[in-house]
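What follows is the content of model_17.txt (compact mmCIF, C-alpha atoms).
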# COMPACT_ATOMS: atom_id res chain seq x y z
CA MET A 1 142.31 42.48 -13.44
CA LYS A 2 140.64 40.58 -10.63
CA SER A 3 143.18 41.38 -7.95
CA ASN A 4 141.16 44.10 -6.20
CA HIS A 5 138.19 41.78 -5.80
CA LEU A 6 140.41 38.98 -4.54
CA LEU A 7 142.27 41.24 -2.16
CA ALA A 8 139.00 42.38 -0.64
CA GLY A 9 138.31 38.77 0.24
CA ILE A 10 141.79 37.78 1.38
CA ALA A 11 140.82 37.70 5.05
CA ALA A 12 138.09 35.21 4.24
CA THR A 13 140.55 33.24 2.15
CA GLY A 14 142.94 33.06 5.09
CA MET A 15 140.15 31.86 7.37
CA LEU A 16 139.16 29.24 4.81
CA LEU A 17 142.72 27.98 4.62
CA ALA A 18 142.96 27.80 8.40
CA GLN A 19 139.72 25.80 8.60
CA ALA A 20 140.71 23.50 5.78
CA VAL A 21 144.04 22.61 7.39
CA SER A 22 143.10 22.90 11.06
CA GLY A 23 144.56 19.48 11.76
CA TRP A 24 147.91 19.94 10.03
CA ALA A 25 149.80 21.43 12.95
CA GLU A 26 148.53 19.18 15.75
CA THR A 27 151.69 17.10 15.75
CA ALA A 28 154.02 19.69 14.23
CA THR A 29 157.09 20.83 16.11
CA ASN A 30 159.35 23.80 15.62
CA ASP A 31 162.70 22.09 16.11
CA ALA A 32 165.32 21.56 13.42
CA SER A 33 164.59 17.82 13.06
CA SER A 34 161.06 18.39 11.76
CA SER A 35 160.42 17.79 8.08
CA LEU A 36 158.31 20.36 6.29
CA VAL A 37 156.06 20.51 3.24
CA VAL A 38 157.63 22.98 0.82
CA VAL A 39 155.38 25.46 -1.02
CA GLU A 40 157.13 27.44 -3.76
CA LEU A 41 155.32 30.53 -5.02
CA PHE A 42 156.42 31.97 -8.35
CA THR A 43 155.35 35.60 -8.20
CA SER A 44 156.16 39.11 -9.37
CA GLN A 45 155.69 42.66 -8.13
CA GLY A 46 154.57 43.50 -11.68
CA CYS A 47 151.72 40.97 -11.79
CA SER A 48 148.26 42.29 -10.91
CA SER A 49 146.99 38.79 -10.09
CA CYS A 50 149.79 38.03 -7.62
CA PRO A 51 148.91 40.01 -4.43
CA PRO A 52 146.28 37.46 -3.23
CA ALA A 53 148.82 34.65 -3.63
CA ASP A 54 151.46 36.74 -1.85
CA ALA A 55 149.03 37.27 1.03
CA LEU A 56 148.22 33.57 1.17
CA LEU A 57 151.93 32.75 1.33
CA ALA A 58 152.26 35.18 4.24
CA ARG A 59 149.60 33.20 6.10
CA LEU A 60 151.51 30.01 5.42
CA ALA A 61 154.67 31.59 6.81
CA GLU A 62 153.00 31.64 10.22
CA ARG A 63 152.84 27.84 10.28
CA ALA A 64 155.53 25.60 11.77
CA ASP A 65 154.81 22.60 9.53
CA ILE A 66 155.13 24.31 6.13
CA LEU A 67 158.09 25.97 4.43
CA PRO A 68 156.61 28.60 2.08
CA LEU A 69 159.10 30.28 -0.25
CA ALA A 70 158.53 33.23 -2.60
CA LEU A 71 160.53 33.02 -5.82
CA HIS A 72 160.19 36.32 -7.68
CA VAL A 73 160.60 35.94 -11.45
CA ASP A 74 161.93 38.49 -13.90
CA TYR A 75 159.80 37.99 -17.02
CA TRP A 76 157.24 40.68 -16.09
CA ASP A 77 159.88 43.37 -15.56
CA TYR A 78 159.37 44.73 -19.09
CA ILE A 79 155.84 46.01 -18.40
CA GLY A 80 156.99 49.03 -16.42
CA TRP A 81 158.25 47.86 -13.04
CA ALA A 82 161.39 45.83 -12.36
CA ASP A 83 160.74 43.47 -9.44
CA SER A 84 163.34 44.29 -6.79
CA PHE A 85 163.50 40.63 -5.68
CA ALA A 86 163.47 39.01 -9.12
CA ARG A 87 166.21 36.59 -10.07
CA PRO A 88 166.68 34.86 -13.43
CA GLU A 89 167.44 31.66 -11.51
CA HIS A 90 163.86 31.64 -10.26
CA THR A 91 162.52 31.86 -13.81
CA LYS A 92 164.85 29.01 -14.78
CA ARG A 93 163.58 26.88 -11.89
CA GLN A 94 159.97 27.49 -12.89
CA LYS A 95 160.76 26.55 -16.50
CA SER A 96 162.37 23.34 -15.26
CA TYR A 97 159.20 22.40 -13.37
CA ALA A 98 157.18 23.14 -16.51
CA ARG A 99 159.37 20.83 -18.61
CA VAL A 100 158.89 17.98 -16.12
CA VAL A 101 155.10 18.09 -16.62
CA GLY A 102 155.35 18.70 -20.37
CA SER A 103 154.17 22.32 -20.28
CA HIS A 104 155.49 24.95 -22.67
CA THR A 105 154.26 27.97 -20.70
CA ILE A 106 154.98 29.57 -17.34
CA TYR A 107 152.85 32.07 -15.48
CA THR A 108 152.32 33.91 -12.21
CA PRO A 109 151.10 33.30 -9.66
CA GLN A 110 151.91 29.60 -9.50
CA MET A 111 152.44 27.42 -6.44
CA VAL A 112 154.41 24.18 -6.60
CA VAL A 113 153.79 22.00 -3.54
CA GLY A 114 156.30 19.34 -2.58
CA GLY A 115 157.95 19.64 -5.98
CA VAL A 116 155.05 17.83 -7.71
CA THR A 117 151.65 19.54 -7.37
CA HIS A 118 151.11 22.67 -9.48
CA ILE A 119 148.43 25.16 -8.42
CA VAL A 120 147.40 28.22 -10.43
CA GLY A 121 146.80 31.35 -8.35
CA ALA A 122 145.62 31.54 -4.74
CA LYS A 123 143.38 28.51 -4.15
CA PRO A 124 143.36 27.63 -0.44
CA MET A 125 141.30 24.45 -0.72
CA GLU A 126 143.51 23.01 -3.46
CA LEU A 127 146.56 24.03 -1.44
CA ALA A 128 145.20 22.38 1.71
CA GLU A 129 144.51 19.14 -0.14
CA ALA A 130 147.98 19.14 -1.70
CA VAL A 131 149.73 19.72 1.62
CA MET A 132 147.76 16.99 3.39
CA GLU A 133 148.45 14.57 0.54
CA LEU A 134 152.17 15.32 0.51
CA THR A 135 152.79 15.48 4.25
CA PRO A 136 153.83 11.77 4.48
CA ALA A 137 156.28 12.17 1.58
CA ALA A 138 157.86 15.18 3.28
CA SER A 139 159.09 12.88 6.06
CA ALA A 140 160.77 10.34 3.77
CA ILE A 141 164.17 11.78 4.73
CA LYS A 142 164.89 12.46 8.40
CA LEU A 143 167.02 15.58 8.34
CA SER A 144 168.51 17.17 11.43
CA ALA A 145 170.75 20.17 11.93
CA GLU A 146 172.83 21.72 14.68
CA ARG A 147 174.39 25.17 14.57
CA LYS A 148 177.76 26.12 16.02
CA GLY A 149 178.41 29.76 15.27
CA ASP A 150 178.18 30.26 11.51
CA ILE A 151 178.53 26.53 10.80
CA VAL A 152 175.52 24.24 10.56
CA HIS A 153 176.05 20.49 10.85
CA LEU A 154 173.49 18.73 8.66
CA SER A 155 172.83 15.00 8.89
CA SER A 156 170.43 12.29 7.82
CA PRO A 157 170.42 8.49 8.11
CA ALA A 158 170.90 6.42 4.99
CA LEU A 159 167.75 5.66 3.04
CA PRO A 160 166.14 2.20 2.66
CA GLN A 161 166.53 2.49 -1.10
CA GLY A 162 169.07 4.55 -2.96
CA GLY A 163 168.49 7.13 -5.65
CA THR A 164 169.83 10.46 -6.79
CA TYR A 165 168.92 13.45 -4.66
CA ALA A 166 169.77 17.15 -4.85
CA VAL A 167 170.77 18.62 -1.49
CA GLN A 168 169.90 22.32 -1.65
CA LEU A 169 170.53 25.31 0.59
CA VAL A 170 167.97 28.12 0.41
CA ARG A 171 168.42 31.57 1.93
CA PHE A 172 165.47 33.93 2.35
CA VAL A 173 164.34 37.19 3.91
CA PRO A 174 161.36 36.66 6.25
CA LYS A 175 159.51 39.86 5.33
CA SER A 176 159.87 43.03 3.29
CA THR A 177 157.44 45.75 2.18
CA VAL A 178 157.64 47.42 -1.22
CA ALA A 179 155.95 50.58 -2.51
CA ILE A 180 155.32 49.86 -6.18
CA GLU A 181 155.38 52.99 -8.33
CA ARG A 182 154.73 51.70 -11.86
CA GLY A 183 153.30 48.73 -13.73
CA GLU A 184 150.11 46.78 -13.05
CA ASN A 185 150.38 47.25 -9.27
CA ALA A 186 151.27 50.95 -9.39
CA GLY A 187 150.33 52.80 -6.21
CA LYS A 188 150.15 49.69 -4.04
CA THR A 189 152.32 48.93 -1.04
CA ILE A 190 152.70 45.17 -0.70
CA SER A 191 154.34 43.06 2.00
CA TYR A 192 156.15 39.93 0.91
CA SER A 193 157.17 36.93 3.02
CA ASN A 194 160.02 34.39 2.84
CA ILE A 195 161.63 36.05 -0.17
CA VAL A 196 164.25 33.74 -1.66
CA THR A 197 167.60 35.43 -2.21
CA ASP A 198 169.70 32.37 -3.04
CA TRP A 199 169.00 28.74 -3.97
CA GLU A 200 172.16 26.65 -4.14
CA THR A 201 172.51 22.99 -5.02
CA LEU A 202 175.20 21.68 -2.68
CA GLY A 203 175.59 18.38 -4.49
CA LYS A 204 174.15 14.95 -5.21
CA TRP A 205 173.42 12.32 -2.55
CA SER A 206 172.75 8.66 -3.34
CA GLY A 207 171.11 7.90 -0.01
CA ASP A 208 173.21 4.74 0.31
CA GLU A 209 175.32 6.27 3.10
CA PRO A 210 174.34 8.65 5.91
CA LEU A 211 174.39 12.31 4.93
CA ALA A 212 176.81 14.52 6.85
CA LEU A 213 177.60 18.07 5.74
CA GLU A 214 179.07 21.18 7.32
CA LEU A 215 177.45 24.31 5.90
CA PRO A 216 178.79 27.86 6.36
CA VAL A 217 175.59 29.81 7.00
CA GLY A 218 176.41 33.31 8.15
CA GLY A 219 174.58 36.59 7.77
CA PRO A 220 171.13 37.78 8.81
CA GLU A 221 169.05 35.82 6.29
CA GLU A 222 167.09 32.73 7.27
CA GLY A 223 168.11 29.38 5.85
CA ALA A 224 166.61 26.02 4.98
CA VAL A 225 167.80 22.74 3.49
CA ILE A 226 165.71 20.90 0.91
CA VAL A 227 166.35 17.37 -0.38
CA GLN A 228 164.68 16.71 -3.72
CA GLU A 229 164.78 13.93 -6.27
CA TRP A 230 167.28 14.96 -8.94
CA GLY A 231 165.69 16.54 -11.99
CA PHE A 232 163.02 18.59 -10.19
CA GLY A 233 161.19 15.61 -8.76
CA PRO A 234 159.39 15.21 -5.42
CA ILE A 235 160.79 16.95 -2.35
CA LEU A 236 161.43 14.26 0.25
CA GLY A 237 162.76 16.32 3.13
CA ALA A 238 163.13 19.93 4.25
CA LEU A 239 163.94 21.81 7.42
CA ARG A 240 164.59 25.34 8.59
CA LEU A 241 168.14 25.80 9.82
CA PRO A 242 168.59 26.68 13.49
Could the structure of this file be written out as structure tokens, please?
Amino acid sequence: MKSNHLLAGIAATGMLLAQAVSGWAETATNDASSSLVVVELFTSQGCSSCPPADALLARLAERADILPLALHVDYWDYIGWADSFARPEHTKRQKSYARVVGSHTIYTPQMVVGGVTHIVGAKPMELAEAVMELTPAASAIKLSAERKGDIVHLSSPALPQGGTYAVQLVRFVPKSTVAIERGENAGKTISYSNIVTDWETLGKWSGDEPLALELPVGGPEEGAVIVQEWGFGPILGALRLP
């Protein structure tokens, strides 16, 4: 139960992260043609070690060059508090990442950066190094999007070499605060950022031809598109939808 100690130092952790990645955003833009490094956080309201990672993700959500996403899992619900954001699909996605690296266990909090780098807990220096290392790979696919009403037109040029890529649409809530009444975090009120509510695979893309899709994206939730090597491989392109 180290969460209270870590929470007391979260401000310093945020400052450390900012210092470690001070150069990331120098060339970043906020338009829909920018490619982003994706940081997936597997977390739970019922996990006493998760609040520092949740707070770190909130700091990342302030950046224009990173797409941080909170995927709440359901396997801690049995200990007294059912996570209001948990989805079994998130647990399944985490298990799929574990299989790729030959692991037989899953845990919270865990960050997966760019689909390939796995980080246990809230470790800003490791996270900074992973993002800087994966920034070039995040621009391998040049995605762009234009919105007309509830329809988003997504496009990308063909790739120099083909492959098999999953084109995915993610919907998320930018922020929500929860008063937790039971379980390991009982009595705490915690704010969560970029809470994933839906993660849909739109289909496969070979990269041999330009990508052109029309996506119905209505409702108040934010949206993003992620292109990832099929089979939970590296993420080669991501953007927030306009």
Task: Selection near Ala138 (chain A), 9 Å with only C-alpha atoms, sequence-local residues under 2 positions removed, as a list in words - done: Ser35, Leu36, Val37, Val38, Gly114, Leu134, Thr135, Pro136, Ala140, Ile141, Pro234, Ile235, Leu236, Gly237 and Ala238 of chain A
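Residue nearest Glu214 (chain A) within the list A:Ala86, A:Leu159, A:Leu41, A:Ile151: A:Ile151 [criterion: smallest interatomic distance, only C-alpha atoms].
In this comparison, which uses all atoms listed in the file, the residue of A:Ala179, A:Val196, A:Ile226, A:Leu215 approaching Ala166 (chain A) most closely is A:Ile226.
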- [ ] Show which residues sit within 10 Å of Leu60 (chain A), as a list in words. Count all atoms listed in the file, and ignore same-chain residues fewer than 4 positions away.
- [x] Gly14, Leu17, Ala18, Val39, Asp54, Ala55, Leu56, Ala64, Asp65, Ile66, Leu67, Pro68, Leu69, Ser193 and Asn194 of chain A
Open item on the list: What's the separation between CA of Leu241 (chain A) and CA of Leu57 (chain A), in Å to one decimal place?
Closed with: 19.6 Å
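The two atoms in question, CA of Leu71 (chain A) and CA of Arg182 (chain A), are spaced 20.5 Å apart.
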TODO: Pick out the residues sitting within 12 Å of Gln110 (chain A), and hand them over as a PyMOL selection string; count all atoms listed in the file, and ignore anything fewer than 2 positions along from it in its own chain.
DONE: chain A and resi 39-44+47+49-54+56-57+69-73+91+94-95+97-98+105-108+112-113+117-123+127
Task: Selected residue of minimal separation from Ile79 (chain A) among A:Ala186, A:Leu202, A:Val225, A:Leu143, counting all atoms listed in the file - done: A:Ala186
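Of note, CA of Asp198 (chain A) and CA of Arg93 (chain A) are spaced 12.1 Å apart.
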- [ ] List the neighbours of Trp81 (chain A) out to 6 Å using only C-alpha atoms; skip same-chain residues closer than 4 positions along the sequence, and give me the result as a VMD selection string.
- [x] chain A and resid 46 77 182 to 183
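Of the listed residues A:Lys148, A:Val100, A:Glu126, A:Glu133, the one whose atoms come nearest to Gly218 (chain A) is A:Lys148, with distances taken using only C-alpha atoms.
Remark: for Leu169 (chain A), the closest of the candidate residues A:Glu222, A:Asp74, A:Glu89, A:Asp83 is A:Glu222 (distances computed over all atoms listed in the file).
Remark: for Arg240 (chain A), the closest of the candidate residues A:Gln168, A:Ser96, A:Ser84, A:Ser48 is A:Gln168 (distances computed over all atoms listed in the file).
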Adding 4 Å on each side of the box along x, y and z that holds all listed atoms of region 125-140 of chain A, could you give its centre and edge lengths in Å to one decimal, as AutoDock Vina command-line options?
--center_x 151.0 --center_y 17.4 --center_z 1.3 --size_x 27.5 --size_y 22.1 --size_z 17.5
Starting from the incomplete input, reconstruct all heavy atoms of region 84-95 of chain A and report them as a PDB file, in the frame of the given file.
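Contents of rebuild_36.pdb, freshly written:
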ATOM      1  N   SER A  84     162.092  44.119  -7.526  1.00  0.00           N
ATOM      2  CA  SER A  84     163.340  44.290  -6.790  1.00  0.00           C
ATOM      3  C   SER A  84     163.875  42.980  -6.215  1.00  0.00           C
ATOM      4  O   SER A  84     165.030  42.919  -5.791  1.00  0.00           O
ATOM      5  CB  SER A  84     163.134  45.302  -5.651  1.00  0.00           C
ATOM      6  OG  SER A  84     162.064  44.917  -4.808  1.00  0.00           O
ATOM      7  N   PHE A  85     163.062  41.927  -6.191  1.00  0.00           N
ATOM      8  CA  PHE A  85     163.500  40.630  -5.680  1.00  0.00           C
ATOM      9  C   PHE A  85     163.701  39.597  -6.778  1.00  0.00           C
ATOM     10  O   PHE A  85     164.074  38.452  -6.499  1.00  0.00           O
ATOM     11  CB  PHE A  85     162.470  40.068  -4.685  1.00  0.00           C
ATOM     12  CG  PHE A  85     162.125  40.995  -3.554  1.00  0.00           C
ATOM     13  CD1 PHE A  85     160.806  41.227  -3.203  1.00  0.00           C
ATOM     14  CD2 PHE A  85     163.115  41.653  -2.840  1.00  0.00           C
ATOM     15  CE1 PHE A  85     160.472  42.076  -2.169  1.00  0.00           C
ATOM     16  CE2 PHE A  85     162.802  42.509  -1.798  1.00  0.00           C
ATOM     17  CZ  PHE A  85     161.471  42.723  -1.459  1.00  0.00           C
ATOM     18  N   ALA A  86     163.443  39.978  -8.034  1.00  0.00           N
ATOM     19  CA  ALA A  86     163.470  39.010  -9.120  1.00  0.00           C
ATOM     20  C   ALA A  86     164.880  38.502  -9.389  1.00  0.00           C
ATOM     21  O   ALA A  86     165.857  39.246  -9.312  1.00  0.00           O
ATOM     22  CB  ALA A  86     162.892  39.629 -10.392  1.00  0.00           C
ATOM     23  N   ARG A  87     164.946  37.205  -9.706  1.00  0.00           N
ATOM     24  CA  ARG A  87     166.210  36.590 -10.070  1.00  0.00           C
ATOM     25  C   ARG A  87     165.969  35.688 -11.277  1.00  0.00           C
ATOM     26  O   ARG A  87     164.993  34.924 -11.312  1.00  0.00           O
ATOM     27  CB  ARG A  87     166.776  35.749  -8.912  1.00  0.00           C
ATOM     28  CG  ARG A  87     167.107  36.568  -7.668  1.00  0.00           C
ATOM     29  CD  ARG A  87     167.518  35.658  -6.515  1.00  0.00           C
ATOM     30  NE  ARG A  87     168.734  34.925  -6.810  1.00  0.00           N
ATOM     31  CZ  ARG A  87     169.959  35.368  -6.532  1.00  0.00           C
ATOM     32  NH1 ARG A  87     170.121  36.555  -5.965  1.00  0.00           N
ATOM     33  NH2 ARG A  87     171.018  34.633  -6.809  1.00  0.00           N
ATOM     34  N   PRO A  88     166.853  35.745 -12.274  1.00  0.00           N
ATOM     35  CA  PRO A  88     166.680  34.860 -13.430  1.00  0.00           C
ATOM     36  C   PRO A  88     166.715  33.383 -13.054  1.00  0.00           C
ATOM     37  O   PRO A  88     166.114  32.545 -13.737  1.00  0.00           O
ATOM     38  CB  PRO A  88     167.839  35.242 -14.365  1.00  0.00           C
ATOM     39  CG  PRO A  88     168.827  35.967 -13.493  1.00  0.00           C
ATOM     40  CD  PRO A  88     168.024  36.623 -12.415  1.00  0.00           C
ATOM     41  N   GLU A  89     167.408  33.048 -11.962  1.00  0.00           N
ATOM     42  CA  GLU A  89     167.440  31.660 -11.510  1.00  0.00           C
ATOM     43  C   GLU A  89     166.061  31.153 -11.134  1.00  0.00           C
ATOM     44  O   GLU A  89     165.761  29.963 -11.286  1.00  0.00           O
ATOM     45  CB  GLU A  89     168.384  31.510 -10.315  1.00  0.00           C
ATOM     46  CG  GLU A  89     169.831  31.847 -10.602  1.00  0.00           C
ATOM     47  CD  GLU A  89     170.169  33.313 -10.328  1.00  0.00           C
ATOM     48  OE1 GLU A  89     169.252  34.150 -10.374  1.00  0.00           O
ATOM     49  OE2 GLU A  89     171.343  33.604 -10.052  1.00  0.00           O
ATOM     50  N   HIS A  90     165.212  32.048 -10.628  1.00  0.00           N
ATOM     51  CA  HIS A  90     163.860  31.640 -10.260  1.00  0.00           C
ATOM     52  C   HIS A  90     163.045  31.322 -11.514  1.00  0.00           C
ATOM     53  O   HIS A  90     162.280  30.349 -11.534  1.00  0.00           O
ATOM     54  CB  HIS A  90     163.182  32.737  -9.448  1.00  0.00           C
ATOM     55  CG  HIS A  90     163.894  33.057  -8.169  1.00  0.00           C
ATOM     56  ND1 HIS A  90     163.608  34.187  -7.421  1.00  0.00           N
ATOM     57  CD2 HIS A  90     164.872  32.405  -7.503  1.00  0.00           C
ATOM     58  CE1 HIS A  90     164.383  34.204  -6.355  1.00  0.00           C
ATOM     59  NE2 HIS A  90     165.163  33.140  -6.381  1.00  0.00           N
ATOM     60  N   THR A  91     163.191  32.136 -12.537  1.00  0.00           N
ATOM     61  CA  THR A  91     162.520  31.860 -13.810  1.00  0.00           C
ATOM     62  C   THR A  91     162.999  30.524 -14.372  1.00  0.00           C
ATOM     63  O   THR A  91     162.198  29.713 -14.859  1.00  0.00           O
ATOM     64  CB  THR A  91     162.791  32.987 -14.811  1.00  0.00           C
ATOM     65  OG1 THR A  91     162.324  34.226 -14.262  1.00  0.00           O
ATOM     66  CG2 THR A  91     162.103  32.718 -16.134  1.00  0.00           C
ATOM     67  N   LYS A  92     164.291  30.267 -14.285  1.00  0.00           N
ATOM     68  CA  LYS A  92     164.850  29.010 -14.780  1.00  0.00           C
ATOM     69  C   LYS A  92     164.284  27.819 -14.004  1.00  0.00           C
ATOM     70  O   LYS A  92     163.968  26.779 -14.595  1.00  0.00           O
ATOM     71  CB  LYS A  92     166.375  29.042 -14.661  1.00  0.00           C
ATOM     72  CG  LYS A  92     167.070  27.807 -15.206  1.00  0.00           C
ATOM     73  CD  LYS A  92     168.575  27.930 -15.090  1.00  0.00           C
ATOM     74  CE  LYS A  92     169.282  26.670 -15.602  1.00  0.00           C
ATOM     75  NZ  LYS A  92     170.759  26.785 -15.475  1.00  0.00           N
ATOM     76  N   ARG A  93     164.135  27.978 -12.692  1.00  0.00           N
ATOM     77  CA  ARG A  93     163.580  26.880 -11.890  1.00  0.00           C
ATOM     78  C   ARG A  93     162.132  26.616 -12.287  1.00  0.00           C
ATOM     79  O   ARG A  93     161.717  25.457 -12.413  1.00  0.00           O
ATOM     80  CB  ARG A  93     163.694  27.219 -10.398  1.00  0.00           C
ATOM     81  CG  ARG A  93     163.208  26.098  -9.478  1.00  0.00           C
ATOM     82  CD  ARG A  93     163.511  26.402  -8.007  1.00  0.00           C
ATOM     83  NE  ARG A  93     163.016  25.332  -7.156  1.00  0.00           N
ATOM     84  CZ  ARG A  93     163.666  24.209  -6.860  1.00  0.00           C
ATOM     85  NH1 ARG A  93     164.865  23.999  -7.377  1.00  0.00           N
ATOM     86  NH2 ARG A  93     163.152  23.290  -6.086  1.00  0.00           N
ATOM     87  N   GLN A  94     161.361  27.674 -12.478  1.00  0.00           N
ATOM     88  CA  GLN A  94     159.970  27.490 -12.890  1.00  0.00           C
ATOM     89  C   GLN A  94     159.887  26.811 -14.253  1.00  0.00           C
ATOM     90  O   GLN A  94     159.035  25.935 -14.474  1.00  0.00           O
ATOM     91  CB  GLN A  94     159.234  28.826 -12.912  1.00  0.00           C
ATOM     92  CG  GLN A  94     157.728  28.669 -13.115  1.00  0.00           C
ATOM     93  CD  GLN A  94     156.990  29.994 -13.168  1.00  0.00           C
ATOM     94  OE1 GLN A  94     157.567  31.029 -13.474  1.00  0.00           O
ATOM     95  NE2 GLN A  94     155.700  29.959 -12.860  1.00  0.00           N
ATOM     96  N   LYS A  95     160.743  27.190 -15.183  1.00  0.00           N
ATOM     97  CA  LYS A  95     160.760  26.550 -16.500  1.00  0.00           C
ATOM     98  C   LYS A  95     161.115  25.071 -16.382  1.00  0.00           C
ATOM     99  O   LYS A  95     160.565  24.237 -17.118  1.00  0.00           O
ATOM    100  CB  LYS A  95     161.760  27.258 -17.410  1.00  0.00           C
ATOM    101  CG  LYS A  95     161.319  28.629 -17.894  1.00  0.00           C
ATOM    102  CD  LYS A  95     162.358  29.254 -18.806  1.00  0.00           C
ATOM    103  CE  LYS A  95     161.890  30.597 -19.346  1.00  0.00           C
ATOM    104  NZ  LYS A  95     162.924  31.226 -20.224  1.00  0.00           N
TER     105      LYS A  95
END
